[in-house]
$ cat coords-v6.cif   # mmCIF, C-alpha atoms
data_upload
loop_
_atom_site.label_atom_id
_atom_site.label_comp_id
_atom_site.auth_asym_id
_atom_site.auth_seq_id
_atom_site.Cartn_x
_atom_site.Cartn_y
_atom_site.Cartn_z
CA LEU A 1 43.04 -41.97 -8.07
CA LEU A 2 40.23 -41.17 -5.67
CA ASN A 3 37.19 -43.39 -6.20
CA ILE A 4 33.93 -41.44 -5.81
CA ASN A 5 30.47 -42.99 -6.00
CA VAL A 6 27.80 -40.35 -6.61
CA GLY A 7 24.25 -41.69 -6.62
CA GLY A 8 25.41 -45.08 -7.92
CA LYS A 9 27.77 -43.78 -10.62
CA LEU A 10 31.53 -44.19 -10.20
CA PHE A 11 33.97 -41.37 -10.89
CA GLN A 12 37.77 -41.41 -10.57
CA ILE A 13 39.77 -38.22 -10.06
CA ALA A 14 43.50 -37.87 -9.41
CA TYR A 15 44.53 -36.68 -5.95
CA LYS A 16 46.83 -34.03 -7.39
CA VAL A 17 43.96 -32.54 -9.40
CA LEU A 18 41.72 -32.32 -6.35
CA ALA A 19 44.53 -30.81 -4.28
CA GLN A 20 44.48 -27.73 -6.55
CA TYR A 21 41.13 -26.77 -5.00
CA PRO A 22 41.68 -27.30 -1.27
CA ILE A 23 38.57 -25.40 -0.13
CA THR A 24 36.16 -27.68 -2.02
CA ARG A 25 34.67 -30.79 -0.46
CA LEU A 26 36.61 -33.20 -2.67
CA GLY A 27 39.78 -31.13 -2.26
CA LYS A 28 39.51 -31.54 1.51
CA LEU A 29 38.80 -35.24 1.02
CA ALA A 30 42.03 -35.60 -0.96
CA LEU A 31 44.16 -33.61 1.50
CA TYR A 32 42.88 -34.94 4.82
CA THR A 33 44.85 -37.77 6.40
CA ASP A 34 42.55 -38.39 9.36
CA PRO A 35 39.99 -41.11 8.40
CA MET A 36 37.37 -39.66 10.76
CA LYS A 37 37.52 -36.27 9.06
CA LYS A 38 37.16 -37.96 5.68
CA LEU A 39 34.05 -39.82 6.84
CA GLN A 40 32.51 -36.51 7.90
CA LEU A 41 32.79 -35.25 4.33
CA CYS A 42 30.96 -38.18 2.68
CA ASP A 43 27.75 -40.12 3.32
CA ASP A 44 29.37 -43.53 3.42
CA TYR A 45 32.60 -45.38 2.72
CA LEU A 46 32.88 -48.77 0.98
CA VAL A 47 35.96 -50.47 2.38
CA GLN A 48 36.01 -53.35 -0.13
CA LYS A 49 36.08 -51.03 -3.16
CA ASN A 50 37.75 -48.08 -1.46
CA GLU A 51 34.90 -45.82 -2.61
CA TYR A 52 33.54 -42.68 -0.99
CA PHE A 53 29.79 -42.61 -1.44
CA PHE A 54 27.78 -39.38 -1.85
CA ASP A 55 23.99 -39.45 -2.01
CA ARG A 56 23.73 -36.59 -4.50
CA ASP A 57 22.51 -36.03 -8.05
CA PRO A 58 24.93 -37.78 -10.46
CA SER A 59 23.69 -35.82 -13.51
CA ILE A 60 24.86 -32.51 -12.01
CA PHE A 61 28.07 -34.07 -10.72
CA HIS A 62 29.12 -34.56 -14.34
CA TYR A 63 29.64 -30.77 -14.47
CA ILE A 64 31.52 -30.88 -11.16
CA PHE A 65 33.70 -33.67 -12.55
CA HIS A 66 34.33 -31.61 -15.69
CA PHE A 67 35.27 -28.62 -13.53
CA TYR A 68 38.07 -30.54 -11.78
CA ARG A 69 39.41 -31.74 -15.11
CA SER A 70 39.26 -28.42 -17.00
CA GLY A 71 39.05 -25.74 -14.31
CA VAL A 72 35.86 -24.30 -15.85
CA LEU A 73 32.35 -24.75 -14.47
CA TRP A 74 29.77 -25.03 -17.24
CA VAL A 75 26.10 -24.21 -16.70
CA MET A 76 23.47 -25.68 -19.04
CA ASP A 77 20.15 -23.96 -19.77
CA GLU A 78 18.05 -27.03 -19.13
CA MET A 79 19.12 -27.31 -15.47
CA CYS A 80 17.09 -25.93 -12.61
CA PRO A 81 19.08 -22.94 -11.29
CA SER A 82 18.08 -23.47 -7.67
CA ASN A 83 19.03 -27.15 -7.75
CA PHE A 84 22.31 -26.41 -9.51
CA VAL A 85 23.30 -23.70 -6.99
CA GLU A 86 22.40 -26.01 -4.11
CA GLU A 87 24.58 -28.78 -5.55
CA ILE A 88 27.66 -26.64 -6.19
CA GLU A 89 27.34 -25.17 -2.69
CA TYR A 90 27.34 -28.72 -1.30
CA TRP A 91 30.52 -29.54 -3.22
CA GLY A 92 32.08 -26.25 -2.08
CA ILE A 93 32.56 -24.82 -5.58
CA HIS A 94 31.99 -21.11 -6.08
CA LEU A 95 30.06 -19.77 -9.03
CA LYS A 96 33.04 -17.53 -9.93
CA TYR A 97 34.68 -20.53 -11.63
CA SER A 98 32.00 -20.46 -14.35
CA GLN A 99 32.13 -18.34 -17.48
CA ARG A 100 30.65 -14.83 -17.33
CA CYS A 101 27.97 -15.65 -19.90
CA CYS A 102 26.93 -18.69 -17.88
CA ARG A 103 26.73 -16.66 -14.68
CA ILE A 104 24.56 -14.00 -16.35
CA LEU A 105 22.14 -16.59 -17.75
CA LEU A 106 22.00 -18.42 -14.43
CA GLU A 107 21.27 -15.23 -12.48
CA GLU A 108 18.54 -14.31 -14.97
CA LYS A 109 16.94 -17.73 -14.60
CA ARG A 110 17.16 -17.52 -10.80
CA ASP A 111 15.48 -14.10 -10.84
CA GLU A 112 12.75 -15.37 -13.17
CA LEU A 113 12.18 -18.41 -10.97
CA SER A 114 12.02 -16.37 -7.76
CA GLU A 115 9.62 -13.90 -9.39
CA TYR A 116 7.47 -16.76 -10.65
CA LEU A 117 7.32 -18.37 -7.20
CA LYS A 118 6.52 -15.00 -5.62
CA ILE A 119 3.64 -14.40 -8.03
CA GLU A 120 2.33 -17.93 -7.50
CA LYS A 121 2.33 -17.36 -3.75
CA GLU A 122 0.53 -14.04 -4.11
CA LEU A 123 -2.02 -15.59 -6.49
CA GLU A 124 -2.78 -18.31 -3.96
CA ALA A 125 -3.11 -15.67 -1.24
CA GLU A 126 -5.50 -13.75 -3.50
CA LEU A 127 -7.95 -16.66 -3.42
CA GLU A 128 -7.18 -17.84 0.08
CA PRO A 129 -10.11 -17.06 2.40
CA LEU A 130 -9.53 -14.68 5.26
CA GLU A 131 -10.77 -17.27 7.72
CA SER A 132 -10.04 -20.99 7.84
CA GLY A 133 -12.05 -23.60 9.64
CA THR A 134 -9.46 -24.06 12.37
CA GLN A 135 -9.63 -20.36 13.39
CA PHE A 136 -13.15 -20.86 14.75
CA ASP A 137 -12.18 -23.76 17.01
CA GLY A 138 -12.62 -23.03 20.71
CA LYS A 139 -14.32 -19.68 20.17
CA PHE A 140 -17.76 -18.56 21.28
CA LEU A 141 -20.36 -20.15 18.97
CA GLY A 142 -17.48 -21.35 16.81
CA GLN A 143 -19.44 -23.83 14.69
CA PHE A 144 -22.30 -21.39 14.12
CA ARG A 145 -19.93 -18.56 13.15
CA LYS A 146 -18.05 -20.91 10.85
CA MET A 147 -21.30 -21.91 9.15
CA VAL A 148 -22.35 -18.26 8.70
CA TRP A 149 -18.90 -17.31 7.40
CA ASN A 150 -18.92 -20.08 4.78
CA LEU A 151 -22.45 -19.11 3.81
CA ILE A 152 -21.47 -15.49 3.17
CA GLU A 153 -17.81 -15.70 2.17
CA ASN A 154 -17.34 -19.07 0.43
CA PRO A 155 -19.82 -19.50 -2.44
CA TYR A 156 -18.41 -22.94 -3.29
CA SER A 157 -19.19 -24.39 0.14
CA SER A 158 -22.90 -25.08 -0.47
CA VAL A 159 -25.87 -24.34 -2.70
CA PRO A 160 -27.29 -21.66 -0.34
CA ALA A 161 -23.89 -19.95 -0.35
CA LYS A 162 -23.97 -19.81 -4.16
CA ILE A 163 -27.49 -18.36 -4.03
CA ILE A 164 -26.37 -15.62 -1.63
CA ALA A 165 -23.38 -14.82 -3.87
CA VAL A 166 -25.70 -14.48 -6.88
CA MET A 167 -28.11 -12.35 -4.86
CA SER A 168 -25.26 -10.08 -3.77
CA SER A 169 -24.22 -9.47 -7.38
CA PHE A 170 -27.89 -8.98 -8.36
CA PHE A 171 -28.47 -6.32 -5.70
CA VAL A 172 -25.28 -4.52 -6.74
CA LEU A 173 -26.55 -4.31 -10.31
CA ILE A 174 -30.01 -3.23 -9.12
CA SER A 175 -28.43 -0.49 -6.99
CA ILE A 176 -26.33 0.82 -9.90
CA VAL A 177 -29.35 0.76 -12.24
CA GLY A 178 -31.43 2.62 -9.64
CA MET A 179 -28.74 5.27 -9.19
CA THR A 180 -28.56 5.69 -12.98
CA LEU A 181 -32.33 5.97 -13.44
CA SER A 182 -32.59 8.53 -10.63
CA THR A 183 -30.75 11.03 -12.85
CA VAL A 184 -33.19 10.61 -15.78
CA GLU A 185 -35.52 13.59 -16.09
CA GLU A 186 -38.62 11.42 -16.58
CA MET A 187 -37.94 9.59 -13.30
CA LYS A 188 -37.72 12.74 -11.18
CA ASN A 189 -41.47 12.90 -10.59
CA LYS A 190 -43.06 11.91 -7.30
CA THR A 191 -43.80 8.30 -8.32
CA GLY A 192 -40.35 7.76 -9.78
CA LYS A 193 -38.64 9.15 -6.70
CA MET A 194 -40.72 6.90 -4.47
CA TRP A 195 -39.74 3.79 -6.46
CA MET A 196 -36.08 4.79 -6.47
CA GLU A 197 -36.09 5.41 -2.71
CA GLN A 198 -37.75 2.04 -2.02
CA MET A 199 -35.27 0.26 -4.28
CA GLU A 200 -32.36 2.00 -2.57
CA MET A 201 -33.72 1.09 0.86
CA ILE A 202 -34.06 -2.60 -0.05
CA CYS A 203 -30.52 -2.70 -1.46
CA ALA A 204 -29.11 -0.91 1.60
CA ILE A 205 -30.87 -3.32 3.96
CA PHE A 206 -29.43 -6.31 2.08
CA PHE A 207 -25.89 -4.87 2.02
CA THR A 208 -26.09 -3.95 5.71
CA SER A 209 -27.30 -7.43 6.66
CA GLU A 210 -24.52 -9.00 4.58
CA TYR A 211 -21.87 -6.79 6.20
CA LEU A 212 -23.13 -7.45 9.73
CA MET A 213 -23.19 -11.22 9.11
CA ARG A 214 -19.58 -11.06 7.97
CA LEU A 215 -18.65 -8.93 10.96
CA ILE A 216 -20.25 -11.10 13.68
CA SER A 217 -19.00 -14.35 12.11
CA SER A 218 -15.40 -13.19 11.71
CA SER A 219 -12.89 -14.84 14.02
CA SER A 220 -10.74 -11.69 14.16
CA PHE A 221 -12.30 -8.22 14.05
CA LYS A 222 -8.89 -6.64 13.43
CA ASN A 223 -8.22 -8.70 10.31
CA PHE A 224 -11.80 -8.17 9.20
CA LEU A 225 -11.53 -4.39 9.32
CA ARG A 226 -8.16 -4.41 7.56
CA ALA A 227 -9.46 -6.45 4.59
CA ALA A 228 -9.91 -4.44 1.38
CA PHE A 229 -13.19 -6.08 0.34
CA ASN A 230 -14.75 -5.36 3.73
CA ALA A 231 -13.73 -1.71 3.47
CA ILE A 232 -15.45 -1.59 0.07
CA ASP A 233 -18.60 -3.07 1.61
CA LEU A 234 -18.56 -0.42 4.34
CA VAL A 235 -18.11 2.41 1.82
CA ALA A 236 -21.00 0.96 -0.19
CA ILE A 237 -23.53 1.15 2.66
CA LEU A 238 -22.42 4.30 4.51
CA PRO A 239 -23.79 6.83 1.94
CA PHE A 240 -27.36 5.61 2.52
CA TYR A 241 -27.24 6.25 6.27
CA ILE A 242 -25.30 9.51 5.94
CA GLN A 243 -27.90 10.74 3.47
CA ILE A 244 -30.69 9.86 5.91
CA LEU A 245 -28.82 11.68 8.68
CA PHE A 246 -28.41 14.85 6.63
CA GLU A 247 -31.96 14.82 5.32
CA ASN A 248 -33.41 14.48 8.82
CA LEU A 249 -31.40 17.28 10.42
CA ASP A 250 -33.71 19.65 12.27
CA ASP A 251 -36.65 17.45 11.41
CA GLY A 252 -38.94 19.53 13.59
CA ASP A 253 -38.28 22.69 11.64
CA MET A 254 -40.38 22.06 8.51
CA GLN A 255 -39.91 25.57 7.25
CA TYR A 256 -36.17 25.11 7.25
CA HIS A 257 -36.58 21.87 5.33
CA GLU A 258 -38.75 23.50 2.71
CA GLU A 259 -36.16 26.21 2.25
CA LEU A 260 -33.42 23.61 2.11
CA HIS A 261 -35.15 21.71 -0.71
CA LYS A 262 -35.59 24.94 -2.67
CA VAL A 263 -31.89 25.77 -2.65
CA GLU A 264 -30.57 22.21 -2.61
CA ASN A 265 -28.78 22.58 -5.93
CA VAL A 266 -26.74 25.55 -4.76
CA SER A 267 -26.44 25.10 -1.02
CA LYS A 268 -23.42 23.50 0.62
CA LEU A 269 -25.58 20.82 2.20
CA GLY A 270 -27.08 19.99 -1.17
CA LYS A 271 -23.60 19.60 -2.68
CA VAL A 272 -22.58 17.31 0.18
CA LEU A 273 -25.68 15.19 -0.38
CA LYS A 274 -24.90 14.91 -4.08
CA LEU A 275 -21.35 13.82 -3.28
CA ILE A 276 -22.61 11.24 -0.80
CA LYS A 277 -25.09 9.89 -3.34
CA LEU A 278 -22.31 9.65 -5.89
CA MET A 279 -20.33 7.44 -3.49
CA ARG A 280 -22.86 4.69 -4.18
CA ILE A 281 -20.99 4.04 -7.42
CA PHE A 282 -18.36 2.24 -5.31
CA ARG A 283 -20.88 -0.57 -4.87
CA ILE A 284 -19.86 -1.86 -8.26
CA LEU A 285 -16.51 -2.79 -6.70
CA LYS A 286 -18.40 -5.40 -4.66
CA LEU A 287 -18.59 -7.45 -7.87
CA ALA A 288 -14.85 -8.06 -7.55
CA ARG A 289 -15.55 -10.33 -4.57
CA HIS A 290 -17.03 -12.97 -6.87
CA SER A 291 -15.42 -11.95 -10.19
CA THR A 292 -12.18 -13.65 -11.20
CA GLY A 293 -11.68 -11.18 -14.05
CA LEU A 294 -11.81 -8.12 -11.76
CA ARG A 295 -9.46 -9.81 -9.30
CA ALA A 296 -7.05 -10.63 -12.14
CA PHE A 297 -7.19 -7.01 -13.34
CA SER A 298 -6.49 -5.67 -9.85
CA PHE A 299 -3.65 -8.17 -9.39
CA THR A 300 -2.18 -7.17 -12.78
CA MET A 301 -2.20 -3.49 -11.82
CA ARG A 302 -0.44 -4.26 -8.54
CA GLN A 303 2.22 -6.40 -10.23
CA CYS A 304 2.78 -3.97 -13.13
CA TYR A 305 2.75 -0.72 -11.16
CA GLN A 306 6.28 0.09 -12.34
CA GLN A 307 5.30 -0.18 -16.02
CA VAL A 308 2.16 1.87 -15.40
CA CYS A 309 4.15 4.56 -13.56
CA CYS A 310 6.67 4.66 -16.42
CA LEU A 311 3.82 5.06 -18.92
CA LEU A 312 2.35 7.96 -16.92
CA LEU A 313 5.80 9.54 -16.69
CA PHE A 314 6.32 9.32 -20.46
CA ILE A 315 2.85 10.77 -21.06
CA ALA A 316 3.61 13.69 -18.73
CA MET A 317 6.92 14.30 -20.50
CA GLY A 318 5.19 14.20 -23.87
CA VAL A 319 2.45 16.59 -22.75
CA PHE A 320 4.95 19.17 -21.50
CA THR A 321 7.23 18.81 -24.55
CA PHE A 322 4.61 18.99 -27.29
CA SER A 323 2.56 21.69 -25.55
CA ALA A 324 5.70 23.86 -25.47
CA LEU A 325 6.41 23.13 -29.16
CA ILE A 326 2.86 23.82 -30.34
CA HIS A 327 2.75 27.06 -28.35
CA SER A 328 6.02 28.26 -29.83
CA VAL A 329 4.75 27.85 -33.43
CA GLU A 330 1.10 28.82 -32.92
CA HIS A 331 1.04 31.64 -30.37
CA ASP A 332 1.32 34.37 -33.06
CA VAL A 333 -1.69 33.11 -35.05
CA PRO A 334 -4.72 35.45 -34.63
CA GLY A 335 -7.52 33.85 -32.63
CA THR A 336 -5.42 30.83 -31.64
CA ASP A 337 -6.36 28.68 -28.67
CA PHE A 338 -2.68 28.08 -27.85
CA THR A 339 -2.25 31.32 -25.94
CA SER A 340 -0.02 29.70 -23.33
CA ILE A 341 1.67 26.40 -22.61
CA PRO A 342 -0.88 25.40 -19.93
CA CYS A 343 -3.66 26.06 -22.48
CA ALA A 344 -1.92 23.61 -24.83
CA TRP A 345 -1.75 20.82 -22.25
CA TRP A 346 -5.27 19.59 -23.09
CA TRP A 347 -4.48 19.42 -26.81
CA ALA A 348 -1.21 17.55 -26.13
CA ALA A 349 -2.92 15.06 -23.80
CA VAL A 350 -5.73 14.37 -26.29
CA SER A 351 -3.28 13.99 -29.18
CA LEU A 352 -0.93 11.67 -27.24
CA SER A 353 -3.85 9.44 -26.34
CA THR A 354 -4.80 9.38 -30.08
CA VAL A 355 -8.38 10.35 -29.16
CA GLY A 356 -8.35 13.62 -31.10
CA TYR A 357 -11.49 15.50 -30.09
CA GLY A 358 -10.80 18.23 -32.63
CA ASP A 359 -11.87 21.04 -30.29
CA THR A 360 -8.39 22.58 -30.55
CA VAL A 361 -6.35 22.24 -33.76
CA PRO A 362 -3.20 23.89 -35.13
CA ASP A 363 -3.55 26.25 -38.10
CA THR A 364 0.03 26.59 -39.38
CA ILE A 365 2.04 24.04 -41.33
CA LEU A 366 4.66 23.83 -38.57
CA GLY A 367 1.88 23.31 -36.02
CA ARG A 368 0.46 20.43 -38.05
CA MET A 369 3.91 18.89 -38.33
CA VAL A 370 4.27 19.10 -34.54
CA ALA A 371 0.79 17.53 -34.22
CA PHE A 372 1.80 14.67 -36.55
CA VAL A 373 4.94 13.96 -34.50
CA CYS A 374 2.89 14.15 -31.28
CA ILE A 375 0.30 11.67 -32.58
CA SER A 376 3.01 9.31 -33.88
CA PHE A 377 4.77 9.42 -30.53
CA GLY A 378 1.46 8.70 -28.80
CA ILE A 379 0.83 5.63 -30.98
CA ILE A 380 4.28 4.23 -30.18
CA LEU A 381 3.99 5.13 -26.51
CA ASN A 382 0.56 3.54 -26.04
CA GLY A 383 1.53 0.40 -27.91
CA MET A 384 4.58 -0.37 -25.80
CA PRO A 385 3.06 -1.44 -22.45
CA ILE A 386 -0.33 -2.69 -23.69
CA SER A 387 1.00 -6.05 -24.88
CA ILE A 388 2.89 -6.56 -21.60
CA LEU A 389 -0.16 -5.74 -19.49
CA TYR A 390 -2.47 -7.87 -21.61
CA ASN A 391 -0.17 -10.90 -21.59
CA LYS A 392 0.25 -10.70 -17.83
CA PHE A 393 -3.49 -10.22 -17.33
CA SER A 394 -4.23 -13.31 -19.45
CA ASP A 395 -1.63 -15.33 -17.56
CA TYR A 396 -2.88 -14.23 -14.12
CA TYR A 397 -6.51 -14.80 -15.10
CA ALA A 398 -5.78 -18.35 -16.28
CA LYS A 399 -3.85 -19.11 -13.08
CA LEU A 400 -6.59 -17.69 -10.86
CA LYS A 401 -9.19 -19.81 -12.65
CA ALA A 402 -6.96 -22.87 -12.28
CA HIS A 403 -6.55 -22.18 -8.54
CA GLU A 404 -10.30 -21.75 -8.17
CA MET A 405 -10.99 -25.03 -9.92
CA SER A 406 -8.40 -26.87 -7.80
CA GLN A 407 -9.94 -25.46 -4.61
#

$ encode --input "coords-v6.cif" --output "structure tokens"
Amino acid sequence: LLNINVGGKLFQIAYKVLAQYPITRLGKLALYTDPMKKLQLCDDYLVQKNEYFFDRDPSIFHYIFHFYRSGVLWVMDEMCPSNFVEEIEYWGIHLKYSQRCCRILLEEKRDELSEYLKIEKELEAELEPLESGTQFDGKFLGQFRKMVWNLIENPYSSVPAKIIAVMSSFFVLISIVGMTLSTVEEMKNKTGKMWMEQMEMICAIFFTSEYLMRLISSSSFKNFLRAAFNAIDLVAILPFYIQILFENLDDGDMQYHEELHKVENVSKLGKVLKLIKLMRIFRILKLARHSTGLRAFSFTMRQCYQQVCCLLLFIAMGVFTFSALIHSVEHDVPGTDFTSIPCAWWWAAVSLSTVGYGDTVPDTILGRMVAFVCISFGIILNGMPISILYNKFSDYYAKLKAHEMSQ
């Protein structure tokens, strides 16, 4: 018998049993005759007891011991898959000796564990600041730039930083409210326009100052420009200056300006100005900088893009299928709205989403049966991914909050 001491527990295995597996560590230990080669396979050797000592996990070695006795490697659910694979690789035992059901369960657990660790790493990176304190060391005005960066980017660093974060969210809301009120008919008079322009100017000045402070305090301009949040900030302030540029073209020609204001609603320049003004709505995305919920939602969409793409694919298939069916049974009805399959796309999309505007409805019995099947399919289709997305969103939101609290 070969005496093996694994982590303080003694095991005895016959040499002839170990010799059946010559490529394993213990099989080599049983077959080698050179004492120096044997010592290279173990951590220590106790001469008095003739024991080969291995500083490994004895609980997992019970399964290794059972493998040599029975020829089958069992895998228990409660074991860590990474630890188990590491141990059997140390002992030189291949996973092929285990049962197929055990291998499938082990691979599933390994995939789940790797996916979990990947998500944890990405969640930590989601909250990790773009700049760390060490990146400012040795740079021009390093301490000052670090102080400004923490003031603007890290609201948990000090009370003034929290105040600036609250002010940033406040100005975003004020800007959105101002853009909304500017479309109200009662606010289109001279006084209302003046107030809206002043409010927009104040918000633009604040956003510009905030962006410039981030830019000059960044330790790496390349990383700063590549960051998503900084791109959102730039998009939020550019419409104001582009609008000023367009409105002041040919400033000396007052007659041209008067004519421009008269035809602003139909001219190309007027349409461009409207589009630029509409871009101010992107300012609401600035709230994601200090909102854990919006970050969790964005992270959920990135992690579940495959499910979302599958949902959109199924919706597209349903729209094409049911629009073709409703057209085939309704196209002969006098005065029908289903004159062609493309005309039925809107009805199919509305029915699949279970919104049901009622602007287009089938008139025949067969058409109503097709509509019932379409609505039923839409209910099933919409219910499938919602629970998955919601559960993942709740999980990611809780983890992000936990990471924030720990930081």

$ resolve_selection --input "coords-v6.cif" --expression "the PyMOL selection byres ((chain A and resi 179-186) around 10)" --output "number ranges by chain"
A: 173-178, 187-189, 192-193, 195-197, 199-200, 277-278, 280-281

$ write_last_selection --input "coords-v6.cif" --atoms "C-alpha atoms" --output "PDB file, keeping the file's coordinate frame"
ATOM      1  CA  LEU A 173     -26.550  -4.310 -10.310  1.00  0.00           C
ATOM      2  CA  ILE A 174     -30.010  -3.230  -9.120  1.00  0.00           C
ATOM      3  CA  SER A 175     -28.430  -0.490  -6.990  1.00  0.00           C
ATOM      4  CA  ILE A 176     -26.330   0.820  -9.900  1.00  0.00           C
ATOM      5  CA  VAL A 177     -29.350   0.760 -12.240  1.00  0.00           C
ATOM      6  CA  GLY A 178     -31.430   2.620  -9.640  1.00  0.00           C
ATOM      7  CA  MET A 187     -37.940   9.590 -13.300  1.00  0.00           C
ATOM      8  CA  LYS A 188     -37.720  12.740 -11.180  1.00  0.00           C
ATOM      9  CA  ASN A 189     -41.470  12.900 -10.590  1.00  0.00           C
ATOM     10  CA  GLY A 192     -40.350   7.760  -9.780  1.00  0.00           C
ATOM     11  CA  LYS A 193     -38.640   9.150  -6.700  1.00  0.00           C
ATOM     12  CA  TRP A 195     -39.740   3.790  -6.460  1.00  0.00           C
ATOM     13  CA  MET A 196     -36.080   4.790  -6.470  1.00  0.00           C
ATOM     14  CA  GLU A 197     -36.090   5.410  -2.710  1.00  0.00           C
ATOM     15  CA  MET A 199     -35.270   0.260  -4.280  1.00  0.00           C
ATOM     16  CA  GLU A 200     -32.360   2.000  -2.570  1.00  0.00           C
ATOM     17  CA  LYS A 277     -25.090   9.890  -3.340  1.00  0.00           C
ATOM     18  CA  LEU A 278     -22.310   9.650  -5.890  1.00  0.00           C
ATOM     19  CA  ARG A 280     -22.860   4.690  -4.180  1.00  0.00           C
ATOM     20  CA  ILE A 281     -20.990   4.040  -7.420  1.00  0.00           C
TER      21      ILE A 281
END

$ resolve_selection --input "coords-v6.cif" --expression "the PyMOL selection byres ((chain A and resi 343) around 12)" --output "ChimeraX atom specification"
/A:319-320,322-324,326-327,330-331,336-342,344-349,360

$ write_last_selection --input "coords-v6.cif" --atoms "C-alpha atoms" --output "short mmCIF file (atom, residue, chain, number, x, y, z; two decimals), in the frame of the given file"
data_model
loop_
_atom_site.label_atom_id
_atom_site.label_comp_id
_atom_site.auth_asym_id
_atom_site.auth_seq_id
_atom_site.Cartn_x
_atom_site.Cartn_y
_atom_site.Cartn_z
CA VAL A 319 2.45 16.59 -22.75
CA PHE A 320 4.95 19.17 -21.50
CA PHE A 322 4.61 18.99 -27.29
CA SER A 323 2.56 21.69 -25.55
CA ALA A 324 5.70 23.86 -25.47
CA ILE A 326 2.86 23.82 -30.34
CA HIS A 327 2.75 27.06 -28.35
CA GLU A 330 1.10 28.82 -32.92
CA HIS A 331 1.04 31.64 -30.37
CA THR A 336 -5.42 30.83 -31.64
CA ASP A 337 -6.36 28.68 -28.67
CA PHE A 338 -2.68 28.08 -27.85
CA THR A 339 -2.25 31.32 -25.94
CA SER A 340 -0.02 29.70 -23.33
CA ILE A 341 1.67 26.40 -22.61
CA PRO A 342 -0.88 25.40 -19.93
CA ALA A 344 -1.92 23.61 -24.83
CA TRP A 345 -1.75 20.82 -22.25
CA TRP A 346 -5.27 19.59 -23.09
CA TRP A 347 -4.48 19.42 -26.81
CA ALA A 348 -1.21 17.55 -26.13
CA ALA A 349 -2.92 15.06 -23.80
CA THR A 360 -8.39 22.58 -30.55
#

$ resolve_selection --input "coords-v6.cif" --expression "the PyMOL selection byres ((chain A and resi 222-225) around 12)" --output "MDAnalysis selection string"
chainID A and resid 129:131 149 153 211:221 226:234

$ atom_distance --input "coords-v6.cif" --atom1 "atom CA of Leu31 of chain A" --atom2 "atom CA of Tyr97 of chain A"
20.8 Å

$ closest_residue --input "coords-v6.cif" --among "A:Ser98, A:Asn50, A:Ser291, A:Gln306" --to "Pro155 of chain A" --atoms "only C-alpha atoms"
A:Ser291

$ residues_around --input "coords-v6.cif" --residues "segment 36-45 of chain A" --least-positions-apart "3" --cutoff "7 Å" --atoms "all atoms listed in the file" --output "mmCIF file with C-alpha atoms, in the frame of the given file"
data_model
loop_
_atom_site.group_PDB
_atom_site.id
_atom_site.type_symbol
_atom_site.label_atom_id
_atom_site.label_comp_id
_atom_site.auth_asym_id
_atom_site.auth_seq_id
_atom_site.Cartn_x
_atom_site.Cartn_y
_atom_site.Cartn_z
ATOM 1 C CA ARG A 25 34.670 -30.790 -0.460
ATOM 2 C CA LEU A 29 38.800 -35.240 1.020
ATOM 3 C CA TYR A 32 42.880 -34.940 4.820
ATOM 4 C CA GLU A 51 34.900 -45.820 -2.610
ATOM 5 C CA TYR A 52 33.540 -42.680 -0.990
ATOM 6 C CA PHE A 53 29.790 -42.610 -1.440
ATOM 7 C CA PHE A 54 27.780 -39.380 -1.850
ATOM 8 C CA ASP A 55 23.990 -39.450 -2.010
#

$ atom_distance --input "coords-v6.cif" --atom1 "atom CA of Cys374 of chain A" --atom2 "atom CA of Gly318 of chain A"
7.8 Å

$ atom_distance --input "coords-v6.cif" --atom1 "atom CA of Val333 of chain A" --atom2 "atom CA of Asp359 of chain A"
16.5 Å
